[in-house]
>>> print(open('query30.txt').read())   # compact mmCIF, C-alpha atoms
# COMPACT_ATOMS: atom_id res chain seq x y z
CA MET A 1 0.00 0.00 0.00
CA THR A 2 2.77 2.36 0.93
CA GLY A 3 4.51 1.47 -2.35
CA LEU A 4 1.39 2.22 -4.35
CA LYS A 5 0.98 5.57 -2.67
CA ARG A 6 4.61 6.37 -3.44
CA ILE A 7 4.17 5.48 -7.10
CA THR A 8 1.05 7.60 -7.28
CA SER A 9 2.75 10.57 -5.70
CA TYR A 10 5.71 10.21 -8.06
CA GLN A 11 3.33 10.15 -11.04
CA SER A 12 1.58 13.24 -9.78
CA LEU A 13 4.87 15.00 -9.32
CA ILE A 14 5.97 14.08 -12.82
CA ALA A 15 2.65 15.21 -14.24
CA ILE A 16 2.96 18.54 -12.47
CA LEU A 17 6.53 18.99 -13.63
CA PHE A 18 5.51 18.13 -17.19
CA ALA A 19 2.69 20.69 -17.07
CA VAL A 20 5.05 23.35 -15.79
CA VAL A 21 7.57 22.63 -18.54
CA ILE A 22 4.85 22.80 -21.21
CA ALA A 23 3.52 26.05 -19.79
CA LEU A 24 6.98 27.59 -19.74
CA THR A 25 7.62 26.47 -23.31
CA PHE A 26 4.48 28.14 -24.66
CA GLN A 27 5.16 31.23 -22.60
CA GLY A 28 8.62 31.37 -24.13
CA THR A 29 7.21 31.03 -27.65
CA SER A 30 4.65 33.79 -27.28
CA PHE A 31 7.27 36.11 -25.74
CA ALA A 32 9.54 35.60 -28.76
CA GLN A 33 6.73 36.45 -31.23
CA GLY A 34 5.61 39.62 -29.46
CA ARG A 35 9.08 40.80 -28.47
CA GLU A 36 9.30 44.51 -27.91
CA PRO A 37 11.90 46.00 -30.28
CA THR A 38 14.71 47.85 -28.58
CA ASP A 39 15.33 51.56 -29.07
CA ASP A 40 18.47 50.69 -31.03
CA GLU A 41 16.49 48.53 -33.43
CA VAL A 42 13.93 51.30 -33.92
CA ASN A 43 16.58 53.96 -34.39
CA ARG A 44 18.51 51.81 -36.87
CA ILE A 45 15.53 52.20 -39.18
CA ALA A 46 14.60 55.71 -38.02
CA LYS A 47 18.08 56.86 -39.04
CA LYS A 48 17.15 56.13 -42.66
CA LEU A 49 13.96 58.19 -42.52
CA PHE A 50 13.51 61.94 -42.34
CA CYS A 51 11.29 64.14 -40.24
CA PRO A 52 8.10 65.11 -42.10
CA VAL A 53 8.08 68.55 -40.54
CA CYS A 54 11.68 69.64 -40.02
CA GLU A 55 13.77 69.59 -43.16
CA ASN A 56 16.80 67.33 -43.36
CA THR A 57 16.42 66.03 -39.82
CA PRO A 58 16.77 62.27 -39.50
CA LEU A 59 13.94 60.65 -37.63
CA ASP A 60 16.13 59.12 -34.93
CA VAL A 61 17.28 62.51 -33.60
CA CYS A 62 14.16 64.60 -34.26
CA PRO A 63 12.49 65.80 -31.02
CA THR A 64 9.06 66.70 -32.45
CA GLU A 65 5.83 64.96 -31.58
CA ALA A 66 5.37 63.89 -35.21
CA CYS A 67 8.72 62.10 -35.15
CA ARG A 68 7.92 60.45 -31.85
CA GLN A 69 4.73 59.07 -33.42
CA TRP A 70 6.64 57.82 -36.42
CA ARG A 71 9.18 56.06 -34.23
CA GLU A 72 6.33 54.40 -32.36
CA GLN A 73 4.92 53.26 -35.67
CA ILE A 74 8.28 51.74 -36.57
CA ARG A 75 8.32 49.95 -33.23
CA GLU A 76 4.83 48.62 -33.86
CA MET A 77 5.72 47.37 -37.32
CA LEU A 78 8.89 45.71 -36.04
CA SER A 79 6.96 43.90 -33.35
CA GLU A 80 4.60 42.67 -36.07
CA GLY A 81 7.62 41.07 -37.68
CA LYS A 82 7.95 43.44 -40.62
CA ALA A 83 11.37 43.74 -42.26
CA GLU A 84 13.32 46.98 -42.56
CA GLU A 85 12.71 47.32 -46.31
CA GLU A 86 8.97 46.83 -45.81
CA ILE A 87 8.87 49.54 -43.18
CA ILE A 88 10.83 52.03 -45.26
CA ASP A 89 8.67 51.28 -48.32
CA TYR A 90 5.55 51.84 -46.23
CA PHE A 91 6.79 55.25 -45.12
CA ALA A 92 7.76 56.20 -48.68
CA VAL A 93 4.32 55.25 -50.01
CA THR A 94 2.38 56.81 -47.14
CA TYR A 95 4.35 59.98 -46.58
CA GLY A 96 6.22 60.51 -49.82
CA GLU A 97 9.68 59.62 -51.04
CA ARG A 98 11.28 62.52 -49.20
CA ALA A 99 10.43 60.77 -45.94
CA ALA A 100 12.53 57.83 -47.01
CA GLY A 101 15.50 59.97 -47.96
CA ASP A 102 16.77 57.46 -50.46
CA PRO A 103 14.69 57.26 -53.65
CA ARG A 104 12.82 53.99 -54.17
CA ASP A 105 13.49 53.91 -57.89
CA LYS A 106 17.29 54.07 -57.72
CA VAL A 107 17.79 53.46 -61.46
CA ARG A 108 15.75 56.49 -62.43
CA ALA A 109 17.17 58.65 -59.66
CA TYR A 110 20.86 57.78 -59.95
CA LEU A 111 21.61 56.11 -63.26
CA LEU A 112 19.67 58.35 -65.64
CA PRO A 113 21.34 61.62 -64.55
CA VAL A 114 24.78 60.02 -64.80
CA VAL A 115 24.01 58.72 -68.28
CA ALA A 116 22.64 62.12 -69.31
CA ILE A 117 25.71 63.96 -68.01
CA LEU A 118 28.15 61.52 -69.60
CA GLY A 119 26.24 61.59 -72.88
CA GLY A 120 26.10 65.37 -72.89
CA THR A 121 29.79 65.64 -72.06
CA PHE A 122 30.66 63.25 -74.88
CA LEU A 123 28.61 65.27 -77.35
CA LEU A 124 30.24 68.51 -76.27
CA PHE A 125 33.68 66.91 -76.50
CA ARG A 126 33.01 65.64 -80.02
CA ALA A 127 31.65 69.02 -81.07
CA LEU A 128 34.76 70.78 -79.75
CA GLN A 129 37.00 68.26 -81.50
CA MET A 130 35.29 68.89 -84.82
CA TRP A 131 35.65 72.64 -84.42
CA LYS A 132 39.38 72.39 -83.63
CA LYS A 133 40.40 69.87 -86.37
CA PRO A 134 40.05 72.20 -89.40
CA LYS A 135 42.55 74.68 -87.79
CA ALA A 136 45.06 71.92 -87.09
CA ALA A 137 44.67 70.70 -90.65
CA GLU A 138 45.79 73.99 -92.11
CA SER A 139 49.25 73.42 -93.38
CA THR A 140 51.85 74.95 -95.64
CA ILE A 141 52.30 72.98 -98.79
CA LEU A 142 55.09 74.00 -101.08
CA LYS A 143 54.66 72.86 -104.66
CA LYS A 144 57.86 72.14 -106.61
CA ASP A 145 56.89 73.64 -109.89
CA SER A 146 54.99 76.56 -108.57
CA PRO A 147 56.13 80.06 -109.42
CA ALA A 148 56.80 80.76 -105.73
CA SER A 149 59.28 77.91 -105.41
CA GLN A 150 61.08 78.94 -108.55
CA GLN A 151 61.40 82.44 -107.21
CA ASP A 152 62.86 81.10 -104.00
CA GLU A 153 65.54 79.26 -105.94
CA TYR A 154 66.33 82.39 -107.91
CA VAL A 155 66.62 84.43 -104.73
CA ALA A 156 68.86 81.78 -103.21
CA GLN A 157 71.15 81.88 -106.27
CA ILE A 158 71.41 85.67 -106.14
CA GLU A 159 72.29 85.58 -102.50
CA GLU A 160 75.01 83.03 -103.17
CA GLU A 161 76.48 85.16 -105.97
CA LEU A 162 76.47 88.23 -103.74
CA LYS A 163 78.36 86.34 -101.05
CA LYS A 164 81.01 85.25 -103.58
CA ARG A 165 81.55 88.81 -104.77
CA SER A 166 81.79 90.20 -101.27
CA MET B 1 59.54 83.85 -98.77
CA MET B 2 56.37 83.44 -100.64
CA THR B 3 54.77 80.15 -100.41
CA GLU B 4 51.49 78.76 -101.42
CA ILE B 5 49.28 77.71 -98.64
CA GLU B 6 46.81 74.99 -99.30
CA ARG B 7 43.90 75.27 -96.98
CA THR B 8 42.02 72.19 -95.93
CA PRO B 9 38.29 72.77 -96.35
CA ARG B 10 36.62 73.41 -92.92
CA ARG B 11 34.37 70.57 -91.68
CA ALA B 12 31.11 71.77 -90.18
CA VAL B 13 29.73 70.24 -86.97
CA PRO B 14 26.92 67.90 -88.02
CA LEU B 15 23.50 69.42 -87.60
CA TRP B 16 22.22 66.59 -85.43
CA THR B 17 25.05 67.15 -82.96
CA GLN B 18 24.33 70.85 -82.74
CA ILE B 19 20.62 70.21 -82.21
CA ILE B 20 21.25 67.66 -79.45
CA VAL B 21 23.77 69.84 -77.64
CA TRP B 22 21.53 72.90 -77.68
CA ALA B 23 18.44 70.88 -76.78
CA PHE B 24 20.32 69.40 -73.82
CA LEU B 25 21.42 72.83 -72.61
CA VAL B 26 17.94 74.31 -73.02
CA ALA B 27 16.38 71.38 -71.16
CA LEU B 28 18.86 71.75 -68.31
CA LEU B 29 18.14 75.47 -68.02
CA ALA B 30 14.40 74.80 -68.10
CA ILE B 31 14.68 72.28 -65.26
CA VAL B 32 16.71 74.66 -63.13
CA ALA B 33 14.32 77.54 -63.85
CA THR B 34 11.27 75.44 -62.97
CA GLY B 35 12.83 74.32 -59.71
CA LEU B 36 13.76 77.87 -58.72
CA SER B 37 10.34 79.16 -59.68
CA ARG B 38 8.56 76.53 -57.59
CA ALA B 39 10.82 77.16 -54.63
CA GLN B 40 9.79 80.80 -54.63
CA GLU B 41 6.07 80.16 -55.00
CA GLY B 42 3.92 80.53 -51.95
CA THR B 43 0.72 78.63 -51.25
CA VAL B 44 -1.90 78.35 -53.95
CA GLN B 45 -3.59 81.74 -54.18
CA PRO B 46 -7.29 82.74 -54.35
CA GLY B 47 -8.61 82.82 -57.88
CA HIS B 48 -6.81 79.62 -58.79
CA VAL B 49 -8.96 76.80 -60.18
CA ILE B 50 -8.19 73.82 -57.99
CA ASP B 51 -7.02 70.79 -59.95
CA ASP B 52 -8.76 67.51 -59.35
CA PHE B 53 -7.33 65.36 -56.58
CA ALA B 54 -8.40 62.14 -54.89
CA LEU B 55 -8.71 61.68 -51.14
CA THR B 56 -8.98 58.24 -49.59
CA MET B 57 -11.06 58.49 -46.43
CA TYR B 58 -10.47 56.84 -43.08
CA ASN B 59 -12.89 54.03 -42.29
CA GLY B 60 -15.83 55.56 -40.51
CA TYR B 61 -15.14 59.00 -41.91
CA GLU B 62 -16.36 58.54 -45.47
CA LEU B 63 -18.26 61.11 -47.49
CA ASP B 64 -21.73 59.84 -48.44
CA GLY B 65 -20.50 56.31 -47.89
CA LYS B 66 -17.67 56.65 -50.41
CA SER B 67 -14.21 55.63 -49.30
CA GLU B 68 -12.56 57.75 -51.97
CA VAL B 69 -13.56 61.24 -53.02
CA ASN B 70 -12.52 63.15 -56.12
CA PHE B 71 -12.55 66.90 -55.78
CA SER B 72 -14.14 67.23 -59.21
CA ASP B 73 -17.18 65.27 -57.93
CA LEU B 74 -17.90 68.09 -55.49
CA ARG B 75 -18.72 70.71 -58.12
CA GLY B 76 -21.81 72.66 -57.24
CA LYS B 77 -20.93 72.73 -53.55
CA VAL B 78 -18.77 74.93 -51.39
CA VAL B 79 -15.79 72.91 -50.18
CA VAL B 80 -13.83 73.58 -47.01
CA ILE B 81 -10.46 71.80 -47.13
CA ASN B 82 -8.73 71.66 -43.75
CA PHE B 83 -5.17 70.39 -43.34
CA TRP B 84 -4.42 69.17 -39.82
CA ALA B 85 -2.37 66.69 -37.84
CA SER B 86 -2.72 65.03 -34.45
CA TRP B 87 0.73 66.27 -33.42
CA CYS B 88 -0.26 69.84 -34.22
CA LYS B 89 -1.16 71.77 -31.05
CA PRO B 90 -2.71 74.80 -32.82
CA CYS B 91 -4.99 72.39 -34.72
CA GLU B 92 -6.58 71.46 -31.42
CA GLN B 93 -7.71 75.06 -30.97
CA GLU B 94 -9.96 74.93 -34.02
CA ALA B 95 -11.09 71.30 -33.96
CA ALA B 96 -14.29 71.97 -32.04
CA GLU B 97 -15.17 75.02 -34.18
CA LEU B 98 -14.74 73.05 -37.38
CA GLN B 99 -16.89 70.21 -36.10
CA GLN B 100 -19.57 72.65 -35.01
CA ALA B 101 -19.51 74.42 -38.36
CA TRP B 102 -19.86 71.08 -40.14
CA THR B 103 -22.83 70.19 -37.95
CA GLU B 104 -24.49 73.46 -38.98
CA TYR B 105 -23.87 73.25 -42.71
CA GLU B 106 -23.99 69.53 -43.39
CA PRO B 107 -27.82 69.27 -43.37
CA THR B 108 -28.05 71.95 -46.10
CA GLY B 109 -26.12 69.72 -48.48
CA GLU B 110 -24.41 72.79 -49.92
CA VAL B 111 -21.16 72.72 -48.00
CA ILE B 112 -18.64 69.89 -47.83
CA PHE B 113 -15.97 69.71 -45.16
CA LEU B 114 -12.87 67.68 -46.02
CA GLY B 115 -10.28 67.07 -43.35
CA ILE B 116 -6.86 66.13 -44.74
CA ASP B 117 -4.55 64.53 -42.23
CA TYR B 118 -0.99 65.65 -42.90
CA VAL B 119 1.95 63.27 -42.30
CA ASP B 120 0.22 61.57 -39.42
CA THR B 121 -0.24 58.03 -38.20
CA GLU B 122 -3.74 56.61 -38.41
CA THR B 123 -3.69 55.48 -34.81
CA ASP B 124 -2.94 58.93 -33.48
CA ALA B 125 -5.29 60.56 -35.99
CA ARG B 126 -8.19 58.44 -34.73
CA VAL B 127 -7.37 59.28 -31.13
CA TYR B 128 -7.38 62.96 -32.05
CA MET B 129 -10.69 62.78 -33.96
CA LYS B 130 -12.32 60.87 -31.15
CA LYS B 131 -10.98 63.30 -28.56
CA PHE B 132 -12.50 66.30 -30.33
CA GLY B 133 -15.65 64.54 -31.51
CA ILE B 134 -14.82 65.07 -35.17
CA ARG B 135 -17.28 63.36 -37.46
CA PHE B 136 -16.85 65.15 -40.79
CA PRO B 137 -15.08 63.36 -43.67
CA ASN B 138 -11.38 62.89 -43.10
CA GLY B 139 -8.56 61.08 -44.82
CA PRO B 140 -4.77 60.91 -44.91
CA ASP B 141 -2.73 62.86 -47.39
CA LEU B 142 -1.00 59.87 -48.92
CA ALA B 143 2.53 60.60 -50.14
CA THR B 144 1.75 64.25 -49.28
CA LYS B 145 0.47 64.76 -52.82
CA ILE B 146 -2.41 67.04 -51.90
CA SER B 147 -0.42 69.21 -49.51
CA GLN B 148 2.33 69.53 -52.11
CA TYR B 149 -0.22 70.65 -54.67
CA PHE B 150 -1.52 73.33 -52.32
CA ARG B 151 2.05 74.10 -51.26
CA ILE B 152 1.05 74.38 -47.63
CA LYS B 153 3.59 75.85 -45.27
CA GLY B 154 2.34 74.04 -42.19
CA VAL B 155 -0.75 73.00 -40.31
CA PRO B 156 -3.44 74.03 -39.73
CA GLU B 157 -4.33 75.61 -43.04
CA THR B 158 -7.85 75.82 -44.47
CA TYR B 159 -8.84 76.42 -48.07
CA PHE B 160 -12.31 77.55 -49.14
CA ALA B 161 -13.42 76.70 -52.68
CA ASP B 162 -16.59 77.98 -54.32
CA LYS B 163 -19.15 75.94 -56.23
CA GLU B 164 -17.07 76.14 -59.42
CA GLY B 165 -14.00 74.71 -57.73
CA VAL B 166 -12.19 78.06 -57.61
CA LEU B 167 -10.14 78.80 -54.52
CA ARG B 168 -11.61 81.86 -52.82
CA TYR B 169 -9.92 82.12 -49.44
CA VAL B 170 -6.94 80.70 -47.57
CA HIS B 171 -6.83 80.71 -43.79
CA VAL B 172 -3.42 80.03 -42.26
CA GLY B 173 -3.44 79.02 -38.62
CA PRO B 174 -6.31 78.00 -36.37
CA PHE B 175 -9.75 79.59 -36.42
CA VAL B 176 -10.48 81.42 -33.19
CA SER B 177 -14.27 81.26 -33.51
CA ILE B 178 -17.02 79.69 -35.54
CA GLU B 179 -17.96 83.18 -36.78
CA GLN B 180 -14.65 83.26 -38.68
CA ILE B 181 -15.61 80.08 -40.50
CA ARG B 182 -19.16 81.28 -41.23
CA SER B 183 -17.84 84.59 -42.58
CA GLN B 184 -15.93 82.70 -45.28
CA ILE B 185 -18.66 80.22 -46.18
CA GLU B 186 -21.68 82.54 -46.33
CA PRO B 187 -20.47 84.71 -49.26
CA LEU B 188 -19.77 81.56 -51.27
CA LEU B 189 -23.30 80.29 -50.83
CA ARG B 190 -24.89 83.31 -52.50
>>> encode(input="query30.txt", output="structure tokens")
Amino acid sequence: MTGLKRITSYQSLIAILFAVVIALTFQGTSFAQGREPTDDEVNRIAKKLFCPVCENTPLDVCPTEACRQWREQIREMLSEGKAEEEIIDYFAVTYGERAAGDPRDKVRAYLLPVVAILGGTFLLFRALQMWKKPKAAESTILKKDSPASQQDEYVAQIEEELKKRS
Amino acid sequence: MMTEIERTPRRAVPLWTQIIVWAFLVALLAIVATGLSRAQEGTVQPGHVIDDFALTMYNGYELDGKSEVNFSDLRGKVVVINFWASWCKPCEQEAAELQQAWTEYEPTGEVIFLGIDYVDTETDARVYMKKFGIRFPNGPDLATKISQYFRIKGVPETYFADKEGVLRYVHVGPFVSIEQIRSQIEPLLR
């Protein structure tokens, strides 16, 4: 009888321990899903956004009420499991690209101006080259049988004769 | 010494090159001029015909049950466009007056109040509207397109348009009394 009671009490103890372990496991899981983002995590994203009211002020350092609300919104979206790119895209769509700082369409914003400047520079360079070439091409061409060359020979002969006589 | 100089015939710059270079320069100047001109412009002035714009309304704050309103659909009615934000302290001063004015004019069907929430979060906007008992149509200014069109300098700002969609009055800052609001609406109803 005593042995049976002991077994029963052991079983109860094990059952209780098992229940506690299960409860702790689920508690741990739900805590991980609803984890409150840290200020550093919020500011890491806020640094890439700009205050909607004060010009050129990054969101992480802006003291206004509007910025505080935006940072809270970032915190909320992070706790929902949203990624950084998703959050920044949301702000760009909702509040305009200037809120995001970095343009969403990077090809249009960065590549096109570079191509336009390089193309324009090339065209100007070619135009300048074409304007300069005709001047460089001007040259003195002495023709052998031309009257001018014959006169030069005659002058040279006279000069030689004059030297001999002097 | 006399020599004969043979001159190489001068090559002209191809016409297409000249056209492209000049077109490029003119376009660049036009872009710079447009940017400078816009930077110096103030808010949209009375007398200006307001371009059509779309406003998506917050749930529960629709206009006649519609979740999106086009300004052009409001022809024939006086429209009061109020830019506000929950983080804007001066906006709180006029919230009750605006709501009261809407309550007075809404039954006539001749005046529409549109609240445009400027760079705000929906959560805080709803708290604000609930706090001040605001019930007239309201929606967020997505991507700040509407505020950029009006070139607002801050909030609150209120624009009064007549029945033909022409801007007639701009009020910068909060209203201090409902009489101020009435004094702008009444002439537009005649």
>>> closest_residue(input="query30.txt", among="A:Glu80, A:Glu36, A:Asp105, A:Asp152", to="chain B", atoms="all atoms listed in the file")
A:Asp152
>>> atom_distance(input="query30.txt", atom1="CA of Arg151 in chain B", atom2="CA of Phe71 in chain B")
16.9 Å
>>> residues_around(input="query30.txt", residues="Glu72 in chain A", least_positions_apart="4", cutoff="12 Å", atoms="only C-alpha atoms", output="PyMOL selection string")
(chain A and resi 36-39+41-43+45-46+59-60+65-68+76-79) or (chain B and resi 120-124)
>>> residues_around(input="query30.txt", residues="range 174-183 of chain B", least_positions_apart="2", cutoff="8 Å", atoms="all atoms listed in the file", output="list in words")
Pro90, Cys91, Gln93, Glu94, Glu97, Leu98, Gln100, Ala101, Pro156, Glu157, His171, Val172, Ile185, Glu186 and Pro187 of chain B
>>> write_last_selection(input="query30.txt", atoms="C-alpha atoms", output="mmCIF file, in the frame of the given file")
data_model
loop_
_atom_site.group_PDB
_atom_site.id
_atom_site.type_symbol
_atom_site.label_atom_id
_atom_site.label_comp_id
_atom_site.auth_asym_id
_atom_site.auth_seq_id
_atom_site.Cartn_x
_atom_site.Cartn_y
_atom_site.Cartn_z
ATOM 1 C CA PRO B 90 -2.710 74.800 -32.820
ATOM 2 C CA CYS B 91 -4.990 72.390 -34.720
ATOM 3 C CA GLN B 93 -7.710 75.060 -30.970
ATOM 4 C CA GLU B 94 -9.960 74.930 -34.020
ATOM 5 C CA GLU B 97 -15.170 75.020 -34.180
ATOM 6 C CA LEU B 98 -14.740 73.050 -37.380
ATOM 7 C CA GLN B 100 -19.570 72.650 -35.010
ATOM 8 C CA ALA B 101 -19.510 74.420 -38.360
ATOM 9 C CA PRO B 156 -3.440 74.030 -39.730
ATOM 10 C CA GLU B 157 -4.330 75.610 -43.040
ATOM 11 C CA HIS B 171 -6.830 80.710 -43.790
ATOM 12 C CA VAL B 172 -3.420 80.030 -42.260
ATOM 13 C CA ILE B 185 -18.660 80.220 -46.180
ATOM 14 C CA GLU B 186 -21.680 82.540 -46.330
ATOM 15 C CA PRO B 187 -20.470 84.710 -49.260
#
>>> closest_residue(input="query30.txt", among="B:Thr158, B:Ser86, B:Ser37, B:Gln45", to="Ala125 in chain B", atoms="all atoms listed in the file")
B:Ser86
>>> atom_distance(input="query30.txt", atom1="CA of Val78 in chain B", atom2="CA of Gly165 in chain B")
7.9 Å
